[in-house]
Amino acid sequence: MEITFKTIYPRAKLNILTMMLFEGCLLTISINQDNLLTYFISFLMLIVLVYIIAIIKRMFFTKLSITLETDYVISSNGKKYESSRIESIYMSYKRIGSKVQGKRLVPMDLCFYFDKSQEMKGLEKLNEWAEHNKKEVKNKFFQTLM
């Protein structure tokens, strides 16, 4: 029953735009500050720049997909998650995430949107997978890291 669906990285464009605005604000603040604060702001700017690069790399240079197999899920990163490790499936609007047992946050590679052309079929198969593996599908807000 191996089925692979093309996925979309959630909120990538919004994250990039927000981080670029934050970077611009930090730049304008750093121009008029003393040395110690300038170093701290430069450090923050570096972190934001790394975050922007990570988002762009994930968006354009990673084949985003999710593969549903009878007993496991393969994420975009190629990681294999056994169905016994997945606690439940969260849905927040069109964003979907699979919560791993013992973790508070949903792993970023298990957080996705289905591509518009595959959305209906993807949701149908995901619900079938969850029913087959006795996983609860919850309409609930969830958080990810990066």
# chains A, B, ... in the order shown; residues from 1 in each chain; ligands from 1
call {"tool": "residues_around", "arguments": {"residues": "range 22-31 of chain A", "least_positions_apart": "3", "cutoff": "12 Å", "atoms": "only C-alpha atoms", "output": "VMD selection string"}}
result
chain A and resid 15 to 19 34 to 52
call {"tool": "write_last_selection", "arguments": {"atoms": "N, CA, C and O atoms", "output": "tab-separated table (two decimals), in the first residue's frame"}}
result
chain	number	residue	atom	x	y	z
A	15	ASN	N	7.30	32.87	6.47
A	15	ASN	CA	8.48	32.85	7.35
A	15	ASN	C	9.63	33.64	6.75
A	15	ASN	O	10.31	34.39	7.46
A	16	ILE	N	9.88	33.48	5.47
A	16	ILE	CA	10.97	34.21	4.82
A	16	ILE	C	10.72	35.71	4.87
A	16	ILE	O	11.62	36.49	5.21
A	17	LEU	N	9.51	36.12	4.53
A	17	LEU	CA	9.17	37.54	4.55
A	17	LEU	C	9.31	38.12	5.96
A	17	LEU	O	9.92	39.19	6.14
A	18	THR	N	8.81	37.42	6.94
A	18	THR	CA	8.89	37.89	8.33
A	18	THR	C	10.34	38.00	8.79
A	18	THR	O	10.73	39.00	9.41
A	19	MET	N	11.14	37.01	8.48
A	19	MET	CA	12.54	37.04	8.90
A	19	MET	C	13.32	38.13	8.18
A	19	MET	O	14.21	38.76	8.77
A	34	ASP	N	25.79	51.28	20.72
A	34	ASP	CA	27.17	51.14	21.18
A	34	ASP	C	27.71	49.75	20.83
A	34	ASP	O	27.00	48.92	20.29
A	35	ASN	N	28.97	49.50	21.14
A	35	ASN	CA	29.65	48.28	20.69
A	35	ASN	C	29.03	46.99	21.22
A	35	ASN	O	28.85	46.04	20.47
A	36	LEU	N	28.74	46.89	22.52
A	36	LEU	CA	28.24	45.64	23.09
A	36	LEU	C	26.89	45.26	22.48
A	36	LEU	O	26.69	44.11	22.08
A	37	LEU	N	26.01	46.21	22.36
A	37	LEU	CA	24.70	45.94	21.77
A	37	LEU	C	24.82	45.63	20.28
A	37	LEU	O	24.09	44.79	19.75
A	38	THR	N	25.77	46.25	19.62
A	38	THR	CA	25.99	45.98	18.19
A	38	THR	C	26.41	44.54	17.98
A	38	THR	O	25.96	43.89	17.04
A	39	TYR	N	27.27	44.01	18.86
A	39	TYR	CA	27.69	42.61	18.75
A	39	TYR	C	26.51	41.66	18.96
A	39	TYR	O	26.36	40.66	18.26
A	40	PHE	N	25.67	41.97	19.94
A	40	PHE	CA	24.50	41.14	20.20
A	40	PHE	C	23.53	41.17	19.01
A	40	PHE	O	23.03	40.11	18.58
A	41	ILE	N	23.29	42.32	18.47
A	41	ILE	CA	22.39	42.45	17.30
A	41	ILE	C	23.00	41.74	16.09
A	41	ILE	O	22.28	41.09	15.33
A	42	SER	N	24.30	41.84	15.92
A	42	SER	CA	24.97	41.13	14.82
A	42	SER	C	24.80	39.62	14.97
A	42	SER	O	24.58	38.91	13.98
A	43	PHE	N	24.90	39.14	16.20
A	43	PHE	CA	24.70	37.72	16.47
A	43	PHE	C	23.27	37.30	16.11
A	43	PHE	O	23.05	36.27	15.47
A	44	LEU	N	22.28	38.10	16.51
A	44	LEU	CA	20.89	37.82	16.16
A	44	LEU	C	20.67	37.84	14.65
A	44	LEU	O	19.95	37.00	14.10
A	45	MET	N	21.32	38.79	13.98
A	45	MET	CA	21.20	38.87	12.52
A	45	MET	C	21.77	37.62	11.86
A	45	MET	O	21.22	37.13	10.87
A	46	LEU	N	22.85	37.11	12.38
A	46	LEU	CA	23.45	35.89	11.85
A	46	LEU	C	22.51	34.70	12.01
A	46	LEU	O	22.34	33.90	11.09
A	47	ILE	N	21.88	34.60	13.19
A	47	ILE	CA	20.93	33.51	13.43
A	47	ILE	C	19.75	33.61	12.47
A	47	ILE	O	19.33	32.59	11.89
A	48	VAL	N	19.23	34.80	12.27
A	48	VAL	CA	18.10	34.99	11.36
A	48	VAL	C	18.51	34.65	9.93
A	48	VAL	O	17.76	34.00	9.20
A	49	LEU	N	19.71	35.02	9.53
A	49	LEU	CA	20.20	34.71	8.19
A	49	LEU	C	20.32	33.20	7.98
A	49	LEU	O	19.93	32.67	6.93
A	50	VAL	N	20.83	32.50	8.97
A	50	VAL	CA	20.93	31.03	8.90
A	50	VAL	C	19.54	30.42	8.78
A	50	VAL	O	19.32	29.47	8.01
A	51	TYR	N	18.58	30.95	9.53
A	51	TYR	CA	17.20	30.46	9.47
A	51	TYR	C	16.61	30.66	8.08
A	51	TYR	O	15.97	29.76	7.52
A	52	ILE	N	16.83	31.83	7.49
A	52	ILE	CA	16.33	32.11	6.14
A	52	ILE	C	16.95	31.14	5.14
A	52	ILE	O	16.26	30.59	4.28
call {"tool": "select_by_dssp", "arguments": {"residues": "chain A", "states": "alpha helix (DSSP H)", "output": "PyMOL selection string"}}
result
chain A and resi 12-31+35-61+119-132
call {"tool": "residues_around", "arguments": {"residues": "Ile96 in chain A", "least_positions_apart": "3", "cutoff": "7 Å", "atoms": "only C-alpha atoms", "output": "MDAnalysis selection string"}}
result
chainID A and resid 90:92 111:113
call {"tool": "closest_atom_pairs", "arguments": {"of": "range 31-57 of chain A", "to": "range 62-75 of chain A", "cutoff": "12 Å", "atoms": "only C-alpha atoms", "output": "Markdown table"}}
result
| residue | atom | partner | partner_atom | distance |
| --- | --- | --- | --- | --- |
| A:Ala54 | CA | A:Thr62 | CA | 10.8 |
| A:Ile55 | CA | A:Thr62 | CA | 10.3 |
| A:Ile56 | CA | A:Thr62 | CA | 9.5 |
| A:Lys57 | CA | A:Thr62 | CA | 6.9 |
call {"tool": "closest_residue", "arguments": {"among": "A:Asn77, A:Ser83, A:Ser98, A:Thr7", "to": "Lys138 in chain A", "atoms": "only C-alpha atoms"}}
result
A:Ser98
call {"tool": "atom_distance", "arguments": {"atom1": "CA of Gly78 in chain A", "atom2": "CA of Asn139 in chain A"}}
result
26.1 Å
call {"tool": "select_by_dssp", "arguments": {"residues": "range 30-136 of chain A", "states": "strand (DSSP E or B)", "output": "PyMOL selection string"}}
result
chain A and resi 65-68+72-74+80-82+86-92+95-100+106+111-114+136
call {"tool": "write_last_selection", "arguments": {"atoms": "N, CA, C and O atoms", "output": "compact mmCIF listing (two decimals), in the first residue's frame"}}
result
# COMPACT_ATOMS: atom_id res chain seq x y z
N SER A 65 7.88 15.35 0.10
CA SER A 65 6.89 14.30 -0.10
C SER A 65 6.68 13.55 1.20
O SER A 65 7.49 13.63 2.11
N ILE A 66 5.59 12.85 1.27
CA ILE A 66 5.30 11.98 2.41
C ILE A 66 4.85 10.64 1.84
O ILE A 66 4.07 10.61 0.89
N THR A 67 5.41 9.57 2.33
CA THR A 67 5.06 8.23 1.86
C THR A 67 4.35 7.48 2.97
O THR A 67 4.89 7.35 4.07
N LEU A 68 3.15 7.01 2.67
CA LEU A 68 2.37 6.23 3.63
C LEU A 68 2.49 4.76 3.28
O LEU A 68 2.13 4.34 2.18
N TYR A 72 4.30 2.14 8.51
CA TYR A 72 5.21 3.25 8.76
C TYR A 72 4.97 4.40 7.80
O TYR A 72 4.22 4.29 6.84
N VAL A 73 5.65 5.52 8.09
CA VAL A 73 5.59 6.73 7.27
C VAL A 73 7.02 7.12 6.96
O VAL A 73 7.89 7.08 7.84
N ILE A 74 7.28 7.51 5.71
CA ILE A 74 8.60 8.03 5.34
C ILE A 74 8.43 9.52 5.05
O ILE A 74 7.63 9.92 4.21
N LYS A 80 12.27 7.19 8.49
CA LYS A 80 11.19 6.21 8.59
C LYS A 80 10.64 6.25 10.01
O LYS A 80 11.37 6.06 10.98
N TYR A 81 9.35 6.52 10.13
CA TYR A 81 8.68 6.55 11.42
C TYR A 81 7.70 5.39 11.48
O TYR A 81 6.74 5.33 10.70
N GLU A 82 7.95 4.45 12.40
CA GLU A 82 7.04 3.33 12.59
C GLU A 82 5.72 3.85 13.13
O GLU A 82 5.69 4.84 13.87
N ILE A 86 4.17 6.94 16.31
CA ILE A 86 3.31 8.09 16.07
C ILE A 86 2.12 8.02 17.02
O ILE A 86 1.40 7.03 17.06
N GLU A 87 1.96 9.07 17.79
CA GLU A 87 0.89 9.12 18.80
C GLU A 87 -0.45 9.46 18.17
O GLU A 87 -1.45 8.79 18.41
N SER A 88 -0.50 10.54 17.38
CA SER A 88 -1.74 10.96 16.74
C SER A 88 -1.41 11.89 15.57
O SER A 88 -0.27 12.30 15.39
N ILE A 89 -2.43 12.20 14.80
CA ILE A 89 -2.27 13.10 13.66
C ILE A 89 -3.07 14.36 13.95
O ILE A 89 -4.25 14.29 14.28
N TYR A 90 -2.39 15.50 13.85
CA TYR A 90 -3.03 16.79 14.09
C TYR A 90 -3.32 17.46 12.76
O TYR A 90 -2.51 17.40 11.83
N MET A 91 -4.46 18.13 12.70
CA MET A 91 -4.80 18.94 11.53
C MET A 91 -5.21 20.32 12.03
O MET A 91 -6.07 20.43 12.89
N SER A 92 -4.57 21.33 11.50
CA SER A 92 -4.89 22.71 11.82
C SER A 92 -5.10 23.42 10.49
O SER A 92 -4.15 23.70 9.77
N ARG A 95 -2.99 22.44 7.36
CA ARG A 95 -1.68 21.98 7.82
C ARG A 95 -1.84 20.68 8.59
O ARG A 95 -2.73 20.54 9.42
N ILE A 96 -0.98 19.73 8.31
CA ILE A 96 -1.07 18.40 8.92
C ILE A 96 0.26 18.10 9.60
O ILE A 96 1.33 18.42 9.08
N GLY A 97 0.18 17.47 10.77
CA GLY A 97 1.38 17.08 11.49
C GLY A 97 1.16 15.78 12.22
O GLY A 97 0.08 15.52 12.74
N SER A 98 2.18 14.96 12.25
CA SER A 98 2.12 13.69 12.97
C SER A 98 2.96 13.81 14.23
O SER A 98 4.17 14.01 14.17
N LYS A 99 2.30 13.70 15.38
CA LYS A 99 2.98 13.85 16.67
C LYS A 99 3.63 12.53 17.05
O LYS A 99 2.99 11.49 17.06
N VAL A 100 4.90 12.60 17.35
CA VAL A 100 5.68 11.43 17.77
C VAL A 100 5.54 11.27 19.28
O VAL A 100 5.53 12.25 20.02
N VAL A 106 5.74 18.75 17.10
CA VAL A 106 5.68 17.90 15.91
C VAL A 106 6.98 18.11 15.13
O VAL A 106 7.38 19.25 14.89
N CYS A 111 5.47 17.70 9.28
CA CYS A 111 4.52 18.79 9.19
C CYS A 111 4.46 19.24 7.72
O CYS A 111 5.47 19.55 7.12
N PHE A 112 3.26 19.25 7.15
CA PHE A 112 3.16 19.51 5.71
C PHE A 112 1.75 19.92 5.31
O PHE A 112 0.80 19.81 6.10
N TYR A 113 1.64 20.41 4.09
CA TYR A 113 0.38 20.58 3.37
C TYR A 113 0.44 19.61 2.20
O TYR A 113 1.51 19.40 1.63
N PHE A 114 -0.68 19.05 1.81
CA PHE A 114 -0.70 18.30 0.56
C PHE A 114 -0.71 19.28 -0.60
O PHE A 114 -1.29 20.36 -0.50
N GLU A 136 -5.51 8.44 16.30
CA GLU A 136 -6.56 9.44 16.36
C GLU A 136 -6.18 10.64 15.50
O GLU A 136 -5.05 11.11 15.53
call {"tool": "closest_residue", "arguments": {"among": "A:Ile8, A:Thr144, A:Ile3, A:Phe61", "to": "Arg104 in chain A", "atoms": "only C-alpha atoms"}}
result
A:Thr144
call {"tool": "closest_residue", "arguments": {"among": "A:Phe142, A:Glu124, A:Leu105, A:Met59", "to": "Arg11 in chain A", "atoms": "only C-alpha atoms"}}
result
A:Met59
call {"tool": "closest_residue", "arguments": {"among": "A:Asn133, A:Ser117, A:Gln101, A:Thr4", "to": "Ser76 in chain A", "atoms": "only C-alpha atoms"}}
result
A:Thr4
call {"tool": "decode", "arguments": {"residues": "range 19-30 of chain A", "atoms": "all heavy atoms", "output": "PDB file, in the first residue's frame"}}
result
ATOM      1  N   MET A  19      11.138  37.012   8.477  1.00  0.00           N
ATOM      2  CA  MET A  19      12.536  37.036   8.900  1.00  0.00           C
ATOM      3  C   MET A  19      13.323  38.134   8.183  1.00  0.00           C
ATOM      4  O   MET A  19      14.211  38.756   8.774  1.00  0.00           O
ATOM      5  CB  MET A  19      13.197  35.676   8.668  1.00  0.00           C
ATOM      6  CG  MET A  19      12.725  34.599   9.608  1.00  0.00           C
ATOM      7  SD  MET A  19      13.140  34.972  11.314  1.00  0.00           S
ATOM      8  CE  MET A  19      11.538  35.037  12.051  1.00  0.00           C
ATOM      9  N   MET A  20      12.995  38.399   6.925  1.00  0.00           N
ATOM     10  CA  MET A  20      13.681  39.484   6.207  1.00  0.00           C
ATOM     11  C   MET A  20      13.312  40.847   6.805  1.00  0.00           C
ATOM     12  O   MET A  20      14.178  41.723   6.941  1.00  0.00           O
ATOM     13  CB  MET A  20      13.361  39.415   4.721  1.00  0.00           C
ATOM     14  CG  MET A  20      14.009  38.215   4.047  1.00  0.00           C
ATOM     15  SD  MET A  20      13.634  38.086   2.312  1.00  0.00           S
ATOM     16  CE  MET A  20      14.703  39.328   1.656  1.00  0.00           C
ATOM     17  N   LEU A  21      12.049  41.013   7.199  1.00  0.00           N
ATOM     18  CA  LEU A  21      11.648  42.255   7.865  1.00  0.00           C
ATOM     19  C   LEU A  21      12.343  42.385   9.221  1.00  0.00           C
ATOM     20  O   LEU A  21      12.807  43.480   9.585  1.00  0.00           O
ATOM     21  CB  LEU A  21      10.132  42.294   8.048  1.00  0.00           C
ATOM     22  CG  LEU A  21       9.311  42.488   6.781  1.00  0.00           C
ATOM     23  CD1 LEU A  21       7.826  42.326   7.069  1.00  0.00           C
ATOM     24  CD2 LEU A  21       9.589  43.852   6.169  1.00  0.00           C
ATOM     25  N   PHE A  22      12.431  41.291   9.949  1.00  0.00           N
ATOM     26  CA  PHE A  22      13.122  41.300  11.233  1.00  0.00           C
ATOM     27  C   PHE A  22      14.597  41.634  11.049  1.00  0.00           C
ATOM     28  O   PHE A  22      15.176  42.402  11.823  1.00  0.00           O
ATOM     29  CB  PHE A  22      12.942  39.940  11.916  1.00  0.00           C
ATOM     30  CG  PHE A  22      13.502  39.859  13.293  1.00  0.00           C
ATOM     31  CD1 PHE A  22      13.072  40.714  14.290  1.00  0.00           C
ATOM     32  CD2 PHE A  22      14.469  38.914  13.606  1.00  0.00           C
ATOM     33  CE1 PHE A  22      13.588  40.634  15.581  1.00  0.00           C
ATOM     34  CE2 PHE A  22      14.991  38.830  14.882  1.00  0.00           C
ATOM     35  CZ  PHE A  22      14.556  39.691  15.872  1.00  0.00           C
ATOM     36  N   GLU A  23      15.195  41.067  10.008  1.00  0.00           N
ATOM     37  CA  GLU A  23      16.605  41.349   9.695  1.00  0.00           C
ATOM     38  C   GLU A  23      16.796  42.845   9.403  1.00  0.00           C
ATOM     39  O   GLU A  23      17.755  43.465   9.852  1.00  0.00           O
ATOM     40  CB  GLU A  23      17.036  40.502   8.492  1.00  0.00           C
ATOM     41  CG  GLU A  23      18.488  40.537   8.175  1.00  0.00           C
ATOM     42  CD  GLU A  23      19.291  39.521   8.956  1.00  0.00           C
ATOM     43  OE1 GLU A  23      18.716  38.623   9.578  1.00  0.00           O
ATOM     44  OE2 GLU A  23      20.521  39.646   8.925  1.00  0.00           O
ATOM     45  N   GLY A  24      15.875  43.425   8.637  1.00  0.00           N
ATOM     46  CA  GLY A  24      15.947  44.857   8.327  1.00  0.00           C
ATOM     47  C   GLY A  24      15.813  45.720   9.571  1.00  0.00           C
ATOM     48  O   GLY A  24      16.530  46.718   9.730  1.00  0.00           O
ATOM     49  N   CYS A  25      14.901  45.346  10.468  1.00  0.00           N
ATOM     50  CA  CYS A  25      14.736  46.089  11.725  1.00  0.00           C
ATOM     51  C   CYS A  25      16.003  46.008  12.564  1.00  0.00           C
ATOM     52  O   CYS A  25      16.437  47.014  13.149  1.00  0.00           O
ATOM     53  CB  CYS A  25      13.553  45.544  12.511  1.00  0.00           C
ATOM     54  SG  CYS A  25      11.960  45.900  11.776  1.00  0.00           S
ATOM     55  N   LEU A  26      16.598  44.839  12.644  1.00  0.00           N
ATOM     56  CA  LEU A  26      17.844  44.687  13.408  1.00  0.00           C
ATOM     57  C   LEU A  26      18.960  45.531  12.808  1.00  0.00           C
ATOM     58  O   LEU A  26      19.768  46.113  13.537  1.00  0.00           O
ATOM     59  CB  LEU A  26      18.259  43.221  13.464  1.00  0.00           C
ATOM     60  CG  LEU A  26      17.431  42.306  14.363  1.00  0.00           C
ATOM     61  CD1 LEU A  26      17.881  40.857  14.198  1.00  0.00           C
ATOM     62  CD2 LEU A  26      17.528  42.729  15.817  1.00  0.00           C
ATOM     63  N   LEU A  27      19.000  45.597  11.487  1.00  0.00           N
ATOM     64  CA  LEU A  27      20.042  46.393  10.823  1.00  0.00           C
ATOM     65  C   LEU A  27      19.891  47.868  11.160  1.00  0.00           C
ATOM     66  O   LEU A  27      20.883  48.539  11.466  1.00  0.00           O
ATOM     67  CB  LEU A  27      19.984  46.166   9.313  1.00  0.00           C
ATOM     68  CG  LEU A  27      21.047  46.888   8.486  1.00  0.00           C
ATOM     69  CD1 LEU A  27      22.433  46.394   8.868  1.00  0.00           C
ATOM     70  CD2 LEU A  27      20.801  46.686   7.018  1.00  0.00           C
ATOM     71  N   THR A  28      18.671  48.392  11.109  1.00  0.00           N
ATOM     72  CA  THR A  28      18.472  49.819  11.414  1.00  0.00           C
ATOM     73  C   THR A  28      18.750  50.119  12.886  1.00  0.00           C
ATOM     74  O   THR A  28      19.259  51.189  13.213  1.00  0.00           O
ATOM     75  CB  THR A  28      17.044  50.268  11.060  1.00  0.00           C
ATOM     76  OG1 THR A  28      16.105  49.473  11.763  1.00  0.00           O
ATOM     77  CG2 THR A  28      16.793  50.184   9.576  1.00  0.00           C
ATOM     78  N   ILE A  29      18.446  49.173  13.768  1.00  0.00           N
ATOM     79  CA  ILE A  29      18.720  49.378  15.194  1.00  0.00           C
ATOM     80  C   ILE A  29      20.222  49.350  15.460  1.00  0.00           C
ATOM     81  O   ILE A  29      20.735  50.145  16.238  1.00  0.00           O
ATOM     82  CB  ILE A  29      18.009  48.308  16.051  1.00  0.00           C
ATOM     83  CG1 ILE A  29      16.502  48.505  15.999  1.00  0.00           C
ATOM     84  CG2 ILE A  29      18.496  48.342  17.483  1.00  0.00           C
ATOM     85  CD1 ILE A  29      15.714  47.382  16.640  1.00  0.00           C
ATOM     86  N   SER A  30      20.944  48.467  14.789  1.00  0.00           N
ATOM     87  CA  SER A  30      22.375  48.300  15.071  1.00  0.00           C
ATOM     88  C   SER A  30      23.211  49.492  14.635  1.00  0.00           C
ATOM     89  O   SER A  30      24.306  49.691  15.146  1.00  0.00           O
ATOM     90  CB  SER A  30      22.897  47.032  14.404  1.00  0.00           C
ATOM     91  OG  SER A  30      22.921  47.190  13.007  1.00  0.00           O
TER      92      SER A  30
END
